[in-house]
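Here's the structure we're looking at; comments come further down.
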2 protein chains.
Amino acid sequence: MKRVLVTGASGCLGRRCLPLLRSRGFEIHAVSSRSQPQAPGWVWHRQDLLEPGAAAKLCKSLEPASVLHLAWIAAAGEYRHSAENLAWVRASLELAASLGTAQRLVVAGSCMDDAGPDRHLTEQWPSLYGVAKSALYRLLCYAGGKANLPHFAWARIFFFYGPEQRGARLVPEVIRCLLADRPAICGPGTPVRDYLHADDVASALVAILDSSLEGTVDVASGRGCSVASLTQNLAAQLGRPHLLRLGERPAAPEPDRIVGDNRRLLHELGWHPQVPLDEGLARTVAWWREQLAAAPGPSA
Amino acid sequence: MKRVLVTGASGCLGRRCLPLLRSRGFEIHAVSSRSQPQAPGWVWHRQDLLEPGAAAKLCKSLEPASVLHLAWIAAAGEYRHSAENLAWVRASLELAASLGTAQRLVVAGSCMDDAGPDRHLTEQWPSLYGVAKSALYRLLCYAGGKANLPHFAWARIFFFYGPEQRGARLVPEVIRCLLADRPAICGPGTPVRDYLHADDVASALVAILDSSLEGTVDVASGRGCSVASLTQNLAAQLGRPHLLRLGERPAAPEPDRIVGDNRRLLHELGWHPQVPLDEGLARTVAWWREQLAAAPGPSA
């Protein structure tokens, strides 16, 4: 059985990858810095990968054949500029140097990094997160065979959403405001983004891992959707269009259009997204309704 | 007394910095992975900084006010493409994250990195060394205040030479060949480089450390000298011009001209190089003569 190590396994994407990997016959070792209840399909390892030496020790004891490296700072609102990004570069380099005989390494990149066709994106859209991901990507690319790295793919994740995604991100923020009958104060709504349901992101990551695809792969819907259109969809579903206040915040200094190119996924892996945007947003709204019904009180 | 931590302190440049730092009143803690005889002016710490956790432990115990970080893979002929470059990025990030209350950090960059005016130099002149140094530079620059880093300068070292420099580098190679009456087979000799004596490099590094200069500083002579001119100078000094065989190797795929801009050193720090090229080469030749006289036999 192919043994895979999944880092960041308790995150919104990581937890979705685990059953998909199991159904493909992987023996799964899942890492999280937080304690997790054991489940029949995989083994949890509680480990803070930021602790120097932790990644090396884990790899040495498990000798995985494949590694799906999703762990990184993810705290919404903080991740773009936190110094923890440097620590994740360090930990990721330690992990990469500890892979021993592993045959496969897939690392989560981002639409904010320089690995795409716009090779100097971080100059127009600077963030420590983008710079850190770009630095790691370049190092792993150039190191390649010299570092005895396994077949390596860099999965650039765009804007994902879905149930279980919390924190100060657009979709959960708007839903929470509107469910609490509070206005959702937004920017102008003109930026166009590429939204993909977390289930589809996870199925793409697992398809990439279970292939020999190398290089950069955009994990994206390939379709642009304006922030106005997305939030109006949510507001209509929640029956509160009057609470959506587009244009009441200044525009963020970000690119107008960020849309991925998913042709490698479609044509080289036969992957297809399964969750249309309307349905995905409806499922996300339904999940939040359940959450708030189960735990009434002021929303976070 | 200002406490400074010097990494890579047993290297050709590091060892030259120690007495200069002492004469400026620093309390010196010198790190090397190799055992060193204790000297009255500084304390040696034997530590392999590539061991995860080593840099953090050292900084925690010493709490330096300043750090001069010179350690990196330096093995001539190997350093450009060795996977150890990744390990040095990792170790350097660990060091930077462990500085605590330090006020000053100076890191050795290189003319092969992207920190100079040609911000994408590594695309024309690719090497894992250049990519790794560039990645570290960008990470430290962007992290800046977010990572609570001290005042930070990046000292781009160009082509240095001098006594005690060994290995497969141009100056020692040519001298060794000619002293052994063997031909020195060279490329066409047309590339123009910026050569600076190791003593002058060390005095510049110490001047930068003992200042508040931030950002990128070229540690360079500011003068171009062709490889032909440099090697002909050596061959003339050694009385063996017939053994210098320029143009008998193909040209390396490297830039034609690499010359630094030392105006920050000259005008902001009042630094001036003390060793003219002719004299520096003569001292280097004299050192090699002594070495070979002391240990006769086949040259390395």
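Identifiers in the structure tokens: chain A, B, ... in order shown; residue index from 1 per chain; ligand index from 1 in order shown.
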Counting only C-alpha atoms, give me one row per residue of chain B with an atom at most 9 Å from an atom of chain A, showing the shortest contact pair and its distance in Å to one decimal, sorted by chain then residue number, as a tab-separated table.
```
residue	atom	partner	partner_atom	distance
B:Glu51	CA	A:Gly53	CA	8.1
B:Pro52	CA	A:Pro52	CA	5.0
B:Gly53	CA	A:Pro52	CA	5.2
B:Ala54	CA	A:Pro52	CA	8.9
B:Ala56	CA	A:Pro52	CA	8.9
B:His81	CA	A:Lys146	CA	7.1
B:Ser82	CA	A:Lys146	CA	6.4
B:Ala83	CA	A:Ala147	CA	4.6
B:Glu84	CA	A:Ala147	CA	7.9
B:Asn85	CA	A:Ala143	CA	8.6
B:Leu86	CA	A:Leu93	CA	6.8
B:Ala87	CA	A:Leu93	CA	7.2
B:Val89	CA	A:Arg90	CA	7.4
B:Arg90	CA	A:Arg90	CA	4.6
B:Ala91	CA	A:Arg90	CA	7.6
B:Ser92	CA	A:Arg90	CA	8.8
B:Leu93	CA	A:Arg90	CA	6.3
B:Glu94	CA	A:Arg90	CA	7.1
B:Ala97	CA	A:Ala87	CA	7.8
B:Pro126	CA	A:Tyr142	CA	8.7
B:Ser127	CA	A:Tyr142	CA	7.8
B:Leu128	CA	A:Tyr142	CA	5.9
B:Val131	CA	A:Leu139	CA	6.7
B:Ala132	CA	A:Leu139	CA	6.4
B:Ser134	CA	A:Ala135	CA	8.4
B:Ala135	CA	A:Ala135	CA	5.1
B:Leu136	CA	A:Ala135	CA	7.9
B:Arg138	CA	A:Val131	CA	7.2
B:Leu139	CA	A:Ala132	CA	6.4
B:Leu140	CA	A:Leu86	CA	8.4
B:Tyr142	CA	A:Leu128	CA	5.9
B:Ala143	CA	A:Ala83	CA	6.0
B:Gly144	CA	A:Ala83	CA	8.7
B:Gly145	CA	A:Ala83	CA	8.9
B:Lys146	CA	A:Ala83	CA	5.6
B:Ala147	CA	A:Ala83	CA	4.6
B:Asn148	CA	A:Ala83	CA	8.2
```
Can you check which residues of stretch 202-266 of chain B DSSP gives as strand (DSSP E) on the backbone and send them as a PyMOL selection string?
chain B and resi 215-219+225-226+244-245+257-258
Any chance you could export the current selection's N, CA and C atoms as a PDB file, in the first residue's frame?
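Okay, this is what ended up in again06.pdb:
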```pdb
ATOM      1  N   GLY B 215      19.927  47.668   4.022  1.00  0.00           N
ATOM      2  CA  GLY B 215      19.715  47.331   2.613  1.00  0.00           C
ATOM      3  C   GLY B 215      20.933  46.661   2.008  1.00  0.00           C
ATOM      4  N   THR B 216      21.015  46.790   0.703  1.00  0.00           N
ATOM      5  CA  THR B 216      22.043  46.084  -0.060  1.00  0.00           C
ATOM      6  C   THR B 216      23.306  46.914  -0.191  1.00  0.00           C
ATOM      7  N   VAL B 217      24.456  46.303   0.055  1.00  0.00           N
ATOM      8  CA  VAL B 217      25.747  46.987  -0.077  1.00  0.00           C
ATOM      9  C   VAL B 217      26.675  46.095  -0.895  1.00  0.00           C
ATOM     10  N   ASP B 218      27.156  46.587  -2.016  1.00  0.00           N
ATOM     11  CA  ASP B 218      28.146  45.836  -2.796  1.00  0.00           C
ATOM     12  C   ASP B 218      29.502  45.929  -2.110  1.00  0.00           C
ATOM     13  N   VAL B 219      30.089  44.781  -1.810  1.00  0.00           N
ATOM     14  CA  VAL B 219      31.440  44.751  -1.248  1.00  0.00           C
ATOM     15  C   VAL B 219      32.364  44.440  -2.416  1.00  0.00           C
ATOM     16  N   CYS B 225      38.324  44.022 -14.077  1.00  0.00           N
ATOM     17  CA  CYS B 225      39.620  43.492 -14.499  1.00  0.00           C
ATOM     18  C   CYS B 225      39.321  42.211 -15.274  1.00  0.00           C
ATOM     19  N   SER B 226      39.863  42.096 -16.467  1.00  0.00           N
ATOM     20  CA  SER B 226      39.547  40.883 -17.232  1.00  0.00           C
ATOM     21  C   SER B 226      40.288  39.684 -16.630  1.00  0.00           C
ATOM     22  N   LEU B 244      50.650  29.823 -19.154  1.00  0.00           N
ATOM     23  CA  LEU B 244      49.263  30.303 -19.076  1.00  0.00           C
ATOM     24  C   LEU B 244      48.587  30.064 -20.418  1.00  0.00           C
ATOM     25  N   ARG B 245      47.585  29.241 -20.462  1.00  0.00           N
ATOM     26  CA  ARG B 245      46.949  28.854 -21.730  1.00  0.00           C
ATOM     27  C   ARG B 245      45.529  29.387 -21.780  1.00  0.00           C
ATOM     28  N   ARG B 257      30.433  40.735 -17.919  1.00  0.00           N
ATOM     29  CA  ARG B 257      30.980  41.763 -17.034  1.00  0.00           C
ATOM     30  C   ARG B 257      30.236  41.726 -15.704  1.00  0.00           C
ATOM     31  N   ILE B 258      30.978  41.546 -14.621  1.00  0.00           N
ATOM     32  CA  ILE B 258      30.379  41.587 -13.286  1.00  0.00           C
ATOM     33  C   ILE B 258      31.249  42.511 -12.446  1.00  0.00           C
TER      34      ILE B 258
END
```
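For the pair atom CA of B:Arg24 and atom CA of B:Trp42, the separation is 12.8 Å.
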Proximity to B:Ala220 - best of B:Cys111, B:Val275, B:Val171, B:Ala295, only C-alpha atoms
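With only C-alpha atoms as the atom set, the closest residue is B:Cys111.
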Point-to-point distance from atom CA of A:Pro273 to atom CA of A:Tyr161, Å rounded to tenths:
13.4 Å
Please list as a PyMOL selection string every residue within 12 Å of B:Leu205, counting only C-alpha atoms and excluding residues in the same chain fewer than 6 positions away.
chain B and resi 6+13-18+20-21+67-70+105-109+153-157+198-199+211+213+217-220+265+269+271+273
Using only C-alpha atoms, determine which residues lie at most 6 Å from stretch 177-188 of chain A, disregarding the query and same-chain residues fewer than 5 positions distant; provide the list as a VMD selection string.
chain A and resid 243 to 251
Next, write the just-selected residues to a file, as a PDB file, in the first residue's frame, keeping N, CA and C atoms as the atom set.
```pdb
ATOM      1  N   LEU A 243     -28.852  44.133   2.985  1.00  0.00           N
ATOM      2  CA  LEU A 243     -27.753  44.205   3.958  1.00  0.00           C
ATOM      3  C   LEU A 243     -26.368  44.125   3.310  1.00  0.00           C
ATOM      4  N   LEU A 244     -26.348  43.846   2.022  1.00  0.00           N
ATOM      5  CA  LEU A 244     -25.062  43.784   1.317  1.00  0.00           C
ATOM      6  C   LEU A 244     -24.677  45.195   0.896  1.00  0.00           C
ATOM      7  N   ARG A 245     -23.603  45.710   1.429  1.00  0.00           N
ATOM      8  CA  ARG A 245     -23.212  47.104   1.168  1.00  0.00           C
ATOM      9  C   ARG A 245     -21.916  47.138   0.352  1.00  0.00           C
ATOM     10  N   LEU A 246     -22.059  46.918  -0.944  1.00  0.00           N
ATOM     11  CA  LEU A 246     -20.892  46.976  -1.833  1.00  0.00           C
ATOM     12  C   LEU A 246     -20.444  48.424  -1.994  1.00  0.00           C
ATOM     13  N   GLY A 247     -19.150  48.626  -2.068  1.00  0.00           N
ATOM     14  CA  GLY A 247     -18.606  49.955  -2.328  1.00  0.00           C
ATOM     15  C   GLY A 247     -18.510  50.828  -1.093  1.00  0.00           C
ATOM     16  N   GLU A 248     -18.756  50.255   0.081  1.00  0.00           N
ATOM     17  CA  GLU A 248     -18.662  51.079   1.298  1.00  0.00           C
ATOM     18  C   GLU A 248     -17.299  50.959   1.979  1.00  0.00           C
ATOM     19  N   ARG A 249     -16.439  50.146   1.402  1.00  0.00           N
ATOM     20  CA  ARG A 249     -15.044  50.111   1.840  1.00  0.00           C
ATOM     21  C   ARG A 249     -14.182  50.482   0.651  1.00  0.00           C
ATOM     22  N   PRO A 250     -13.003  51.063   0.894  1.00  0.00           N
ATOM     23  CA  PRO A 250     -12.127  51.352  -0.249  1.00  0.00           C
ATOM     24  C   PRO A 250     -11.640  50.042  -0.888  1.00  0.00           C
ATOM     25  N   ALA A 251     -11.317  50.119  -2.147  1.00  0.00           N
ATOM     26  CA  ALA A 251     -10.782  48.950  -2.850  1.00  0.00           C
ATOM     27  C   ALA A 251      -9.433  48.569  -2.248  1.00  0.00           C
TER      28      ALA A 251
END
```
Pick out the residues sitting within 12 Å of B:Gly270, and hand them over as an NGL selection string; count only C-alpha atoms, and ignore anything fewer than 3 positions along from it in its own chain.
:B and (203-204 or 207-208 or 211 or 262-267 or 273)
Output the selection as an mmCIF file, in the first residue's frame - N, CA and C atoms for each residue.
```cif
data_model
loop_
_atom_site.group_PDB
_atom_site.id
_atom_site.type_symbol
_atom_site.label_atom_id
_atom_site.label_comp_id
_atom_site.auth_asym_id
_atom_site.auth_seq_id
_atom_site.Cartn_x
_atom_site.Cartn_y
_atom_site.Cartn_z
ATOM 1 N N SER B 203 37.433 44.112 5.944
ATOM 2 C CA SER B 203 37.302 45.447 6.561
ATOM 3 C C SER B 203 35.969 46.081 6.182
ATOM 4 N N ALA B 204 35.479 45.785 4.967
ATOM 5 C CA ALA B 204 34.176 46.313 4.568
ATOM 6 C C ALA B 204 33.058 45.658 5.389
ATOM 7 N N ALA B 207 33.067 47.149 8.787
ATOM 8 C CA ALA B 207 32.567 48.538 8.748
ATOM 9 C C ALA B 207 31.041 48.555 8.611
ATOM 10 N N ILE B 208 30.500 47.659 7.806
ATOM 11 C CA ILE B 208 29.043 47.594 7.645
ATOM 12 C C ILE B 208 28.394 47.167 8.960
ATOM 13 N N SER B 211 27.947 49.796 11.710
ATOM 14 C CA SER B 211 27.252 50.999 11.248
ATOM 15 C C SER B 211 25.756 50.718 11.322
ATOM 16 N N ASN B 262 30.652 50.220 -5.439
ATOM 17 C CA ASN B 262 31.013 50.338 -4.015
ATOM 18 C C ASN B 262 30.769 51.738 -3.433
ATOM 19 N N ARG B 263 29.915 52.517 -4.091
ATOM 20 C CA ARG B 263 29.734 53.906 -3.624
ATOM 21 C C ARG B 263 29.149 54.000 -2.219
ATOM 22 N N ARG B 264 28.311 53.031 -1.832
ATOM 23 C CA ARG B 264 27.776 53.109 -0.461
ATOM 24 C C ARG B 264 28.915 52.953 0.547
ATOM 25 N N LEU B 265 29.823 52.021 0.258
ATOM 26 C CA LEU B 265 30.964 51.826 1.167
ATOM 27 C C LEU B 265 31.837 53.077 1.227
ATOM 28 N N LEU B 266 32.117 53.641 0.049
ATOM 29 C CA LEU B 266 33.021 54.794 -0.016
ATOM 30 C C LEU B 266 32.401 56.025 0.642
ATOM 31 N N HIS B 267 31.146 56.317 0.287
ATOM 32 C CA HIS B 267 30.573 57.603 0.687
ATOM 33 C C HIS B 267 29.787 57.539 1.978
ATOM 34 N N PRO B 273 39.498 50.610 0.004
ATOM 35 C CA PRO B 273 40.331 49.402 -0.077
ATOM 36 C C PRO B 273 41.791 49.768 0.151
#
```
Given the choices A:Lys2, A:Leu281, A:Trp125, A:Glu268, which gets closest to A:Thr231 if the distance is worked out from only C-alpha atoms?
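The shortest atom-to-atom distance to A:Thr231 comes from A:Leu281.
Distance-wise, atom CA of B:Arg240 and atom CA of B:Trp288 end up 15.2 Å apart.
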From the DSSP assignment of the backbone, select every residue of stretch 77-220 of chain A that is helix (DSSP H, G or I), and format the answer as an MDAnalysis selection string.
chainID A and resid 84:96 121:124 128:147 170:179 198:209
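Using only C-alpha atoms, the shortest contact distance between B:Ala102 and any of B:Val4, B:Lys133, B:Ala293, B:Lys57 is found at B:Val4.
Contact shell of A:Leu234 at 8 Å (only C-alpha atoms; same-chain neighbours under 3 positions omitted): A:Val174, A:Ile175, A:Leu230, A:Thr231, A:Gln237, A:Leu238, A:Leu281, A:Ala282, A:Val285.
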